Amino acid sequence: MILLLLIGTKYNFIMNVLILGGNGFIGRNIIKKAIKLNWKIYSLNKNKSYHNIHNIIDLTIDVNNYEDVKNKISNLKFEYVINCLGYVNHSSFSKDGYDVIQNHFIGILNIIKCLNRSSLKKFINIGTSDEYDFNLEPKNEEMHILPRTCYSFSKYTISNFLKMLHITEKFPSITLRLFLAYGPGQNKERFIPQIILGCISNSEFSVSKGDQIRDFCHIDDVVNAIILSLESTINNGEIYNIGSGNPIKIKNLVDKIVKKITFGKPIFGALPYKEFEHMNLYADVKKAEIDLKWSSKISIDDGLEDTINFYKLNNII
């Protein structure tokens with residue numbers, strides 16, 4: 001197993017950290033790290049949490065219900081808030097897009113409106129590489145943004161809202177624009193778990209031709225970026241790409257997984273490319289390296305080994 005690095009000692013005793021979406025893949029991994037650092041953790045979710053640990057306080061809240069949010073958090077004090085709320089959903093507006101905007105944007109407005117700011121030191125917002133337009137690669141934070149889904153629109157709008165709020169009210173925040181996070185425990189419907197599970201079961205499975213180039217970042221690297229963002233004095237709504245900086249072609253990634261497991265029968269070209277598919281999407285991470293002193297430490301080979309071992313050990317099919 002890859003172990004999370006304990007970066008610094010400054011935040012070994014943070015009190016009152018609110019994690020929005022503590023049941024999700026990123027939220028769960030932040031909590032795992034936070035326990036080691038002796039944080040007092042509030043985990044906010046729409047449904048009851050699965051955490052049965054004494055220093056985790058569950059807050060079951062419908063963030064789209066302003067009165068519910070107000071009643072349950074306005075009297076609490078948090079030093080840090082980490083927004084991992086909501087799930088990836090690329091539905092059109094006429095399908096489920098309205099709900100996506102509610103969950104990813106309106107819900108966050110309700111949270112921020114109801115936060116007691118007297119003790120708040122920083123709000124860390126998790127963005128997405130899906131916000132980027134079809135620009136040249138690698139993506140840097142100064143490039144034009146053109147959201148093409150309700151999901152990416154909501155993420156982009158939150159980051160802009162936070163910048164405005166810093167200018168007008170000195171609200172302290174930072175946005176981490178994640179590329180493709182992966183690792184042990186990720187939802188099995190996501191791309192890398194699907195390929196791993198297809199190979200473990202030695203099944204035939206359909207994939208695209210695989211010419212897309214993507215940037216996969218191990219979850220431990222993502223969590224360490226969040227910790228370094230807490231330690232940073234940057235709180236003006238600045239945006240940072242968080243990715244490996246080492247892109248890989250999807251076909252090559254699938255071939256690596258097949259080779260490591262020694263089973264699996266991918267059928268390349270059986271799936272069409274998606275409408276508005278980014279054929280190239282990978283990060284320029286220089287800004288995070290300079291300002292946050294962060295860089296990805298886990299290679300794709302080590303990360304895949306770690307992830308494959310998780311699914312093998314837990315007999316997940």
# chains A, B, ... in the order shown; residues from 1 in each chain; ligands from 1

$ residues_around --residues "Val207 of chain A" --least-positions-apart "6" --cutoff "8 Å" --atoms "only C-alpha atoms" --output "list in words"
Pro266, Ile267, Phe268, Gly269, Ala270 and Leu271 of chain A

$ write_last_selection --atoms "N, CA and C atoms" --output "mmCIF file, in the first residue's frame"
data_model
loop_
_atom_site.group_PDB
_atom_site.id
_atom_site.type_symbol
_atom_site.label_atom_id
_atom_site.label_comp_id
_atom_site.auth_asym_id
_atom_site.auth_seq_id
_atom_site.Cartn_x
_atom_site.Cartn_y
_atom_site.Cartn_z
ATOM 1 N N PRO A 266 -10.001 -6.347 -23.379
ATOM 2 C CA PRO A 266 -10.603 -5.093 -23.847
ATOM 3 C C PRO A 266 -10.855 -5.129 -25.353
ATOM 4 N N ILE A 267 -12.001 -4.628 -25.749
ATOM 5 C CA ILE A 267 -12.338 -4.537 -27.174
ATOM 6 C C ILE A 267 -12.246 -3.060 -27.552
ATOM 7 N N PHE A 268 -11.091 -2.670 -28.064
ATOM 8 C CA PHE A 268 -10.860 -1.276 -28.408
ATOM 9 C C PHE A 268 -11.686 -0.880 -29.634
ATOM 10 N N GLY A 269 -12.325 0.277 -29.540
ATOM 11 C CA GLY A 269 -13.145 0.784 -30.633
ATOM 12 C C GLY A 269 -14.592 0.365 -30.563
ATOM 13 N N ALA A 270 -14.948 -0.453 -29.558
ATOM 14 C CA ALA A 270 -16.340 -0.912 -29.438
ATOM 15 C C ALA A 270 -17.266 0.191 -28.943
ATOM 16 N N LEU A 271 -16.705 1.204 -28.267
ATOM 17 C CA LEU A 271 -17.491 2.349 -27.810
ATOM 18 C C LEU A 271 -17.100 3.585 -28.612
#

$ residues_around --residues "Ile41 of chain A" --least-positions-apart "3" --cutoff "6 Å" --atoms "only C-alpha atoms" --output "list in words"
Asn16, Val17 and Ile56 of chain A

$ residues_around --residues "segment 215-227 of chain A" --least-positions-apart "2" --cutoff "8 Å" --atoms "only C-alpha atoms" --output "number ranges by chain"
A: 2-5, 7, 26, 29-30, 33, 124, 176, 178-183, 213, 229-231, 242-248, 281-283, 292, 294-298, 300, 303

$ write_last_selection --atoms "N, CA and C atoms" --output "CSV table (one decimal), in the first residue's frame"
chain,number,residue,atom,x,y,z
A,2,ILE,N,0.4,2.3,-0.7
A,2,ILE,CA,1.1,3.6,-0.7
A,2,ILE,C,0.6,4.3,0.6
A,3,LEU,N,1.5,4.8,1.3
A,3,LEU,CA,1.1,5.5,2.6
A,3,LEU,C,1.1,7.0,2.3
A,4,LEU,N,0.1,7.7,2.9
A,4,LEU,CA,0.0,9.1,2.9
A,4,LEU,C,1.2,9.8,3.6
A,5,LEU,N,1.8,10.7,2.9
A,5,LEU,CA,2.9,11.5,3.6
A,5,LEU,C,2.3,12.5,4.6
A,7,ILE,N,2.7,15.8,5.9
A,7,ILE,CA,3.4,17.0,5.5
A,7,ILE,C,3.4,18.0,6.6
A,26,ILE,N,-13.1,11.4,-2.4
A,26,ILE,CA,-12.1,12.3,-1.9
A,26,ILE,C,-12.4,12.6,-0.4
A,29,ASN,N,-11.0,9.9,1.9
A,29,ASN,CA,-9.6,9.9,2.0
A,29,ASN,C,-9.0,11.1,2.8
A,30,ILE,N,-9.7,12.2,2.8
A,30,ILE,CA,-9.3,13.4,3.6
A,30,ILE,C,-9.5,13.0,5.1
A,33,LYS,N,-6.8,10.8,6.5
A,33,LYS,CA,-5.6,11.5,6.8
A,33,LYS,C,-5.9,12.4,8.1
A,124,ILE,N,-11.6,25.6,1.3
A,124,ILE,CA,-10.9,24.9,0.2
A,124,ILE,C,-12.0,24.3,-0.8
A,176,LEU,N,-8.8,24.1,-5.9
A,176,LEU,CA,-7.9,23.1,-6.5
A,176,LEU,C,-8.7,22.5,-7.6
A,178,LEU,N,-9.0,19.8,-9.9
A,178,LEU,CA,-8.5,18.4,-10.0
A,178,LEU,C,-8.6,17.9,-11.4
A,179,PHE,N,-7.6,17.1,-11.8
A,179,PHE,CA,-7.7,16.3,-13.0
A,179,PHE,C,-8.2,15.0,-12.6
A,180,LEU,N,-7.8,13.9,-13.1
A,180,LEU,CA,-8.6,12.6,-12.8
A,180,LEU,C,-8.0,11.9,-11.6
A,181,ALA,N,-8.7,12.1,-10.5
A,181,ALA,CA,-8.2,11.4,-9.2
A,181,ALA,C,-8.7,9.9,-9.3
A,182,TYR,N,-7.8,9.1,-8.8
A,182,TYR,CA,-8.1,7.6,-8.8
A,182,TYR,C,-7.4,7.0,-7.6
A,183,GLY,N,-7.7,5.8,-7.3
A,183,GLY,CA,-7.1,5.1,-6.2
A,183,GLY,C,-8.0,4.1,-5.5
A,213,ILE,N,-5.9,11.4,-24.4
A,213,ILE,CA,-4.8,11.6,-23.5
A,213,ILE,C,-5.3,12.2,-22.2
A,229,SER,N,-2.6,23.1,0.9
A,229,SER,CA,-3.4,24.3,0.7
A,229,SER,C,-3.9,24.9,2.0
A,230,LEU,N,-4.1,24.0,3.0
A,230,LEU,CA,-4.4,24.4,4.3
A,230,LEU,C,-3.2,25.2,5.0
A,231,GLU,N,-2.1,24.7,4.7
A,231,GLU,CA,-0.9,25.3,5.3
A,231,GLU,C,-0.5,26.6,4.6
A,242,ILE,N,-4.4,20.5,-10.1
A,242,ILE,CA,-3.8,19.4,-9.4
A,242,ILE,C,-3.9,18.2,-10.2
A,243,GLY,N,-2.8,17.8,-10.8
A,243,GLY,CA,-2.7,16.6,-11.7
A,243,GLY,C,-1.3,16.0,-11.6
A,244,SER,N,-1.1,14.9,-12.2
A,244,SER,CA,0.2,14.3,-12.2
A,244,SER,C,1.2,15.1,-13.0
A,245,GLY,N,0.7,15.7,-14.1
A,245,GLY,CA,1.7,16.4,-15.0
A,245,GLY,C,2.3,15.4,-16.0
A,246,ASN,N,1.9,14.1,-15.9
A,246,ASN,CA,2.5,13.1,-16.7
A,246,ASN,C,1.3,12.4,-17.5
A,247,PRO,N,0.9,12.9,-18.6
A,247,PRO,CA,-0.3,12.3,-19.3
A,247,PRO,C,0.0,11.0,-19.9
A,248,ILE,N,-1.1,10.2,-20.1
A,248,ILE,CA,-1.0,8.9,-20.7
A,248,ILE,C,-2.2,8.7,-21.6
A,281,LEU,N,-6.4,16.1,-22.5
A,281,LEU,CA,-6.8,16.9,-21.3
A,281,LEU,C,-5.8,16.5,-20.2
A,282,TYR,N,-4.8,17.4,-20.1
A,282,TYR,CA,-3.8,17.2,-19.0
A,282,TYR,C,-3.2,18.5,-18.5
A,283,ALA,N,-2.6,18.4,-17.3
A,283,ALA,CA,-2.4,19.6,-16.5
A,283,ALA,C,-1.0,20.2,-16.6
A,292,LEU,N,2.4,26.3,-3.9
A,292,LEU,CA,2.0,25.4,-2.8
A,292,LEU,C,3.1,24.4,-2.4
A,294,TRP,N,3.9,21.8,-3.9
A,294,TRP,CA,3.3,20.5,-4.1
A,294,TRP,C,3.6,20.0,-5.5
A,295,SER,N,3.8,18.7,-5.5
A,295,SER,CA,4.0,18.0,-6.8
A,295,SER,C,3.5,16.5,-6.6
A,296,SER,N,3.1,15.9,-7.7
A,296,SER,CA,2.7,14.5,-7.6
A,296,SER,C,3.9,13.6,-7.3
A,297,LYS,N,3.8,12.7,-6.4
A,297,LYS,CA,4.9,11.8,-6.0
A,297,LYS,C,4.7,10.4,-6.5
A,298,ILE,N,3.5,10.0,-6.8
A,298,ILE,CA,3.1,8.6,-7.1
A,298,ILE,C,3.0,8.4,-8.6
A,300,ILE,N,2.2,6.5,-12.2
A,300,ILE,CA,1.0,5.8,-12.6
A,300,ILE,C,1.2,4.3,-12.4
A,303,GLY,N,0.7,3.7,-8.6
A,303,GLY,CA,-0.7,4.0,-8.3
A,303,GLY,C,-1.6,2.9,-8.8

$ residues_around --residues "Met279 of chain A" --least-positions-apart "3" --cutoff "12 Å" --atoms "only C-alpha atoms" --output "VMD selection string"
chain A and resid 133 to 137 208 to 215 247 to 250 273 to 276 282

$ residues_around --residues "segment 67-76 of chain A" --least-positions-apart "5" --cutoff "9 Å" --atoms "only C-alpha atoms" --output "PyMOL selection string"
chain A and resi 16+59-62+107+110-111+113-116

$ write_last_selection --atoms "N, CA and C atoms" --output "PDB file, in the first residue's frame"
ATOM      1  N   ASN A  16     -12.041  21.512  14.492  1.00  0.00           N
ATOM      2  CA  ASN A  16     -13.240  21.973  13.794  1.00  0.00           C
ATOM      3  C   ASN A  16     -13.048  22.145  12.288  1.00  0.00           C
ATOM      4  N   LEU A  59     -23.034  15.278  10.176  1.00  0.00           N
ATOM      5  CA  LEU A  59     -24.088  16.265   9.949  1.00  0.00           C
ATOM      6  C   LEU A  59     -24.871  15.808   8.717  1.00  0.00           C
ATOM      7  N   THR A  60     -26.076  15.330   8.927  1.00  0.00           N
ATOM      8  CA  THR A  60     -26.914  14.891   7.818  1.00  0.00           C
ATOM      9  C   THR A  60     -27.791  16.063   7.405  1.00  0.00           C
ATOM     10  N   ILE A  61     -27.488  16.626   6.231  1.00  0.00           N
ATOM     11  CA  ILE A  61     -28.126  17.873   5.804  1.00  0.00           C
ATOM     12  C   ILE A  61     -28.455  17.806   4.321  1.00  0.00           C
ATOM     13  N   ASP A  62     -29.618  18.318   3.947  1.00  0.00           N
ATOM     14  CA  ASP A  62     -29.961  18.535   2.549  1.00  0.00           C
ATOM     15  C   ASP A  62     -29.502  19.945   2.204  1.00  0.00           C
ATOM     16  N   GLY A 107     -26.345  24.561  -3.479  1.00  0.00           N
ATOM     17  CA  GLY A 107     -26.065  23.986  -2.162  1.00  0.00           C
ATOM     18  C   GLY A 107     -24.881  24.653  -1.487  1.00  0.00           C
ATOM     19  N   ASN A 110     -25.808  28.040  -0.150  1.00  0.00           N
ATOM     20  CA  ASN A 110     -26.511  27.908   1.135  1.00  0.00           C
ATOM     21  C   ASN A 110     -25.518  27.680   2.277  1.00  0.00           C
ATOM     22  N   ILE A 111     -24.528  26.825   2.036  1.00  0.00           N
ATOM     23  CA  ILE A 111     -23.513  26.564   3.061  1.00  0.00           C
ATOM     24  C   ILE A 111     -22.773  27.848   3.426  1.00  0.00           C
ATOM     25  N   LYS A 113     -23.576  30.965   2.918  1.00  0.00           N
ATOM     26  CA  LYS A 113     -24.483  31.948   3.530  1.00  0.00           C
ATOM     27  C   LYS A 113     -24.660  31.681   5.018  1.00  0.00           C
ATOM     28  N   CYS A 114     -24.683  30.411   5.408  1.00  0.00           N
ATOM     29  CA  CYS A 114     -24.969  30.046   6.795  1.00  0.00           C
ATOM     30  C   CYS A 114     -23.727  29.845   7.650  1.00  0.00           C
ATOM     31  N   LEU A 115     -22.540  29.880   7.052  1.00  0.00           N
ATOM     32  CA  LEU A 115     -21.316  29.670   7.829  1.00  0.00           C
ATOM     33  C   LEU A 115     -21.093  30.799   8.822  1.00  0.00           C
ATOM     34  N   ASN A 116     -20.710  30.426  10.027  1.00  0.00           N
ATOM     35  CA  ASN A 116     -20.239  31.404  11.006  1.00  0.00           C
ATOM     36  C   ASN A 116     -18.792  31.738  10.635  1.00  0.00           C
TER      37      ASN A 116
END

$ residues_around --residues "Asn202 of chain A" --least-positions-apart "4" --cutoff "10 Å" --atoms "only C-alpha atoms" --output "PyMOL selection string"
chain A and resi 196-198+258+261-266

$ select_by_dssp --residues "segment 150-254 of chain A" --states "helix (DSSP H, G or I)" --output "PyMOL selection string"
chain A and resi 150-169+191-200+219-231+250-254

$ write_last_selection --atoms "N, CA and C atoms" --output "CSV table (one decimal), in the first residue's frame"
chain,number,residue,atom,x,y,z
A,150,CYS,N,-23.6,21.0,-17.2
A,150,CYS,CA,-24.1,21.7,-16.0
A,150,CYS,C,-23.1,21.4,-14.9
A,151,TYR,N,-22.4,20.3,-14.9
A,151,TYR,CA,-21.5,20.0,-13.8
A,151,TYR,C,-20.3,20.9,-13.9
A,152,SER,N,-19.7,21.1,-15.1
A,152,SER,CA,-18.5,22.0,-15.2
A,152,SER,C,-18.9,23.4,-15.0
A,153,PHE,N,-20.1,23.8,-15.5
A,153,PHE,CA,-20.6,25.1,-15.3
A,153,PHE,C,-20.7,25.5,-13.8
A,154,SER,N,-21.3,24.5,-13.0
A,154,SER,CA,-21.4,24.7,-11.6
A,154,SER,C,-20.1,24.9,-10.9
A,155,LYS,N,-19.1,24.0,-11.3
A,155,LYS,CA,-17.8,24.1,-10.6
A,155,LYS,C,-17.1,25.4,-11.0
A,156,TYR,N,-17.2,25.8,-12.2
A,156,TYR,CA,-16.6,27.1,-12.6
A,156,TYR,C,-17.3,28.3,-11.9
A,157,THR,N,-18.6,28.2,-11.8
A,157,THR,CA,-19.3,29.3,-11.2
A,157,THR,C,-19.0,29.5,-9.7
A,158,ILE,N,-18.8,28.3,-9.0
A,158,ILE,CA,-18.4,28.4,-7.6
A,158,ILE,C,-17.0,29.1,-7.5
A,159,SER,N,-16.0,28.7,-8.3
A,159,SER,CA,-14.7,29.3,-8.2
A,159,SER,C,-14.8,30.8,-8.4
A,160,ASN,N,-15.6,31.2,-9.4
A,160,ASN,CA,-15.7,32.7,-9.7
A,160,ASN,C,-16.4,33.4,-8.5
A,161,PHE,N,-17.4,32.7,-8.0
A,161,PHE,CA,-18.2,33.3,-6.8
A,161,PHE,C,-17.2,33.5,-5.6
A,162,LEU,N,-16.3,32.5,-5.4
A,162,LEU,CA,-15.4,32.6,-4.3
A,162,LEU,C,-14.4,33.8,-4.5
A,163,LYS,N,-14.0,34.0,-5.8
A,163,LYS,CA,-13.1,35.1,-6.1
A,163,LYS,C,-13.8,36.4,-5.8
A,164,MET,N,-15.0,36.5,-6.3
A,164,MET,CA,-15.8,37.7,-6.0
A,164,MET,C,-16.0,38.0,-4.5
A,165,LEU,N,-16.2,36.9,-3.8
A,165,LEU,CA,-16.5,37.0,-2.3
A,165,LEU,C,-15.2,37.5,-1.6
A,166,HIS,N,-14.1,37.1,-2.1
A,166,HIS,CA,-12.8,37.5,-1.5
A,166,HIS,C,-12.6,39.0,-1.7
A,167,ILE,N,-12.9,39.5,-3.0
A,167,ILE,CA,-12.7,40.9,-3.3
A,167,ILE,C,-13.7,41.8,-2.5
A,168,THR,N,-14.9,41.3,-2.4
A,168,THR,CA,-15.9,42.2,-1.7
A,168,THR,C,-16.0,42.0,-0.2
A,169,GLU,N,-15.7,40.8,0.3
A,169,GLU,CA,-15.9,40.6,1.7
A,169,GLU,C,-14.7,39.9,2.4
A,191,PHE,N,-13.8,5.0,-14.3
A,191,PHE,CA,-13.1,4.4,-15.4
A,191,PHE,C,-12.0,3.4,-15.0
A,192,ILE,N,-11.1,3.7,-14.2
A,192,ILE,CA,-10.0,2.8,-13.8
A,192,ILE,C,-10.6,1.6,-13.0
A,193,PRO,N,-11.5,1.8,-12.0
A,193,PRO,CA,-12.0,0.6,-11.4
A,193,PRO,C,-12.8,-0.3,-12.4
A,194,GLN,N,-13.5,0.2,-13.4
A,194,GLN,CA,-14.2,-0.6,-14.4
A,194,GLN,C,-13.2,-1.5,-15.1
A,195,ILE,N,-12.1,-0.9,-15.5
A,195,ILE,CA,-11.1,-1.6,-16.3
A,195,ILE,C,-10.5,-2.7,-15.4
A,196,ILE,N,-10.1,-2.4,-14.2
A,196,ILE,CA,-9.5,-3.3,-13.3
A,196,ILE,C,-10.5,-4.5,-13.0
A,197,LEU,N,-11.7,-4.2,-12.7
A,197,LEU,CA,-12.7,-5.3,-12.4
A,197,LEU,C,-13.0,-6.1,-13.6
A,198,GLY,N,-13.0,-5.5,-14.8
A,198,GLY,CA,-13.2,-6.3,-16.0
A,198,GLY,C,-12.0,-7.2,-16.3
A,199,CYS,N,-10.8,-6.8,-15.9
A,199,CYS,CA,-9.6,-7.7,-16.1
A,199,CYS,C,-9.6,-8.8,-15.0
A,200,ILE,N,-9.9,-8.4,-13.8
A,200,ILE,CA,-9.9,-9.4,-12.7
A,200,ILE,C,-10.8,-10.6,-13.0
A,219,ILE,N,-5.0,9.4,-5.4
A,219,ILE,CA,-5.8,10.1,-4.4
A,219,ILE,C,-4.9,10.6,-3.2
A,220,ASP,N,-3.8,9.9,-2.9
A,220,ASP,CA,-2.9,10.3,-1.9
A,220,ASP,C,-2.2,11.6,-2.2
A,221,ASP,N,-1.9,11.8,-3.5
A,221,ASP,CA,-1.3,13.1,-4.0
A,221,ASP,C,-2.3,14.2,-3.9
A,222,VAL,N,-3.6,13.9,-4.2
A,222,VAL,CA,-4.7,14.9,-4.1
A,222,VAL,C,-4.8,15.3,-2.7
A,223,VAL,N,-4.9,14.4,-1.7
A,223,VAL,CA,-5.0,14.7,-0.3
A,223,VAL,C,-3.9,15.6,0.2
A,224,ASN,N,-2.7,15.2,-0.2
A,224,ASN,CA,-1.5,16.0,0.2
A,224,ASN,C,-1.6,17.4,-0.4
A,225,ALA,N,-2.1,17.6,-1.6
A,225,ALA,CA,-2.3,19.0,-2.1
A,225,ALA,C,-3.3,19.7,-1.3
A,226,ILE,N,-4.3,19.1,-0.8
A,226,ILE,CA,-5.3,19.7,0.1
A,226,ILE,C,-4.7,20.2,1.4
A,227,ILE,N,-3.8,19.3,2.0
A,227,ILE,CA,-3.1,19.6,3.3
A,227,ILE,C,-2.2,20.8,3.0
A,228,LEU,N,-1.5,20.8,2.0
A,228,LEU,CA,-0.6,22.0,1.7
A,228,LEU,C,-1.3,23.2,1.4
A,229,SER,N,-2.6,23.1,0.9
A,229,SER,CA,-3.4,24.3,0.7
A,229,SER,C,-3.9,24.9,2.0
A,230,LEU,N,-4.1,24.0,3.0
A,230,LEU,CA,-4.4,24.4,4.3
A,230,LEU,C,-3.2,25.2,5.0
A,231,GLU,N,-2.1,24.7,4.7
A,231,GLU,CA,-0.9,25.3,5.3
A,231,GLU,C,-0.5,26.6,4.6
A,250,ILE,N,-5.2,6.7,-23.2
A,250,ILE,CA,-6.1,5.8,-22.5
A,250,ILE,C,-5.8,4.3,-23.0
A,251,LYS,N,-5.5,4.1,-24.2
A,251,LYS,CA,-5.2,2.7,-24.7
A,251,LYS,C,-4.0,2.2,-23.9
A,252,ASN,N,-3.0,3.0,-23.7
A,252,ASN,CA,-1.8,2.6,-23.0
A,252,ASN,C,-2.1,2.3,-21.5
A,253,LEU,N,-3.0,3.1,-20.9
A,253,LEU,CA,-3.4,2.8,-19.6
A,253,LEU,C,-4.1,1.5,-19.4
A,254,VAL,N,-5.0,1.2,-20.3
A,254,VAL,CA,-5.7,-0.1,-20.3
A,254,VAL,C,-4.8,-1.2,-20.5

$ residues_around --residues "Glu79 of chain A" --least-positions-apart "3" --cutoff "8 Å" --atoms "only C-alpha atoms" --output "PyMOL selection string"
chain A and resi 15-17+119-122

$ write_last_selection --atoms "N, CA and C atoms" --output "PDB file, in the first residue's frame"
ATOM      1  N   MET A  15      -8.518  21.978  14.826  1.00  0.00           N
ATOM      2  CA  MET A  15      -9.825  21.694  15.411  1.00  0.00           C
ATOM      3  C   MET A  15     -10.913  22.173  14.450  1.00  0.00           C
ATOM      4  N   ASN A  16     -12.041  21.512  14.492  1.00  0.00           N
ATOM      5  CA  ASN A  16     -13.240  21.973  13.794  1.00  0.00           C
ATOM      6  C   ASN A  16     -13.048  22.145  12.288  1.00  0.00           C
ATOM      7  N   VAL A  17     -12.870  21.020  11.618  1.00  0.00           N
ATOM      8  CA  VAL A  17     -12.777  20.997  10.156  1.00  0.00           C
ATOM      9  C   VAL A  17     -14.071  20.405   9.600  1.00  0.00           C
ATOM     10  N   SER A 119     -14.605  32.380  13.003  1.00  0.00           N
ATOM     11  CA  SER A 119     -13.403  31.561  13.227  1.00  0.00           C
ATOM     12  C   SER A 119     -12.858  30.961  11.933  1.00  0.00           C
ATOM     13  N   LEU A 120     -13.505  31.254  10.800  1.00  0.00           N
ATOM     14  CA  LEU A 120     -13.125  30.630   9.533  1.00  0.00           C
ATOM     15  C   LEU A 120     -11.780  31.159   9.039  1.00  0.00           C
ATOM     16  N   LYS A 121     -10.850  30.234   8.793  1.00  0.00           N
ATOM     17  CA  LYS A 121      -9.528  30.600   8.278  1.00  0.00           C
ATOM     18  C   LYS A 121      -9.396  30.344   6.782  1.00  0.00           C
ATOM     19  N   LYS A 122     -10.084  29.309   6.281  1.00  0.00           N
ATOM     20  CA  LYS A 122      -9.981  29.031   4.847  1.00  0.00           C
ATOM     21  C   LYS A 122     -11.072  28.068   4.403  1.00  0.00           C
TER      22      LYS A 122
END

$ select_by_dssp --residues "segment 138-236 of chain A" --states "strand (DSSP E or B)" --output "number ranges by chain"
A: 139, 145, 173-178, 180-182, 204-207, 213-214, 216-218, 236

$ atom_distance --atom1 "atom CA of Lys256 of chain A" --atom2 "atom CA of Asn309 of chain A"
14.3 Å

$ atom_distance --atom1 "atom CA of Cys84 of chain A" --atom2 "atom CA of Asp96 of chain A"
19.7 Å

$ closest_residue --among "A:Lys95, A:Lys46, A:Lys287, A:Arg190" --to "Glu142 of chain A" --atoms "only C-alpha atoms"
A:Lys287
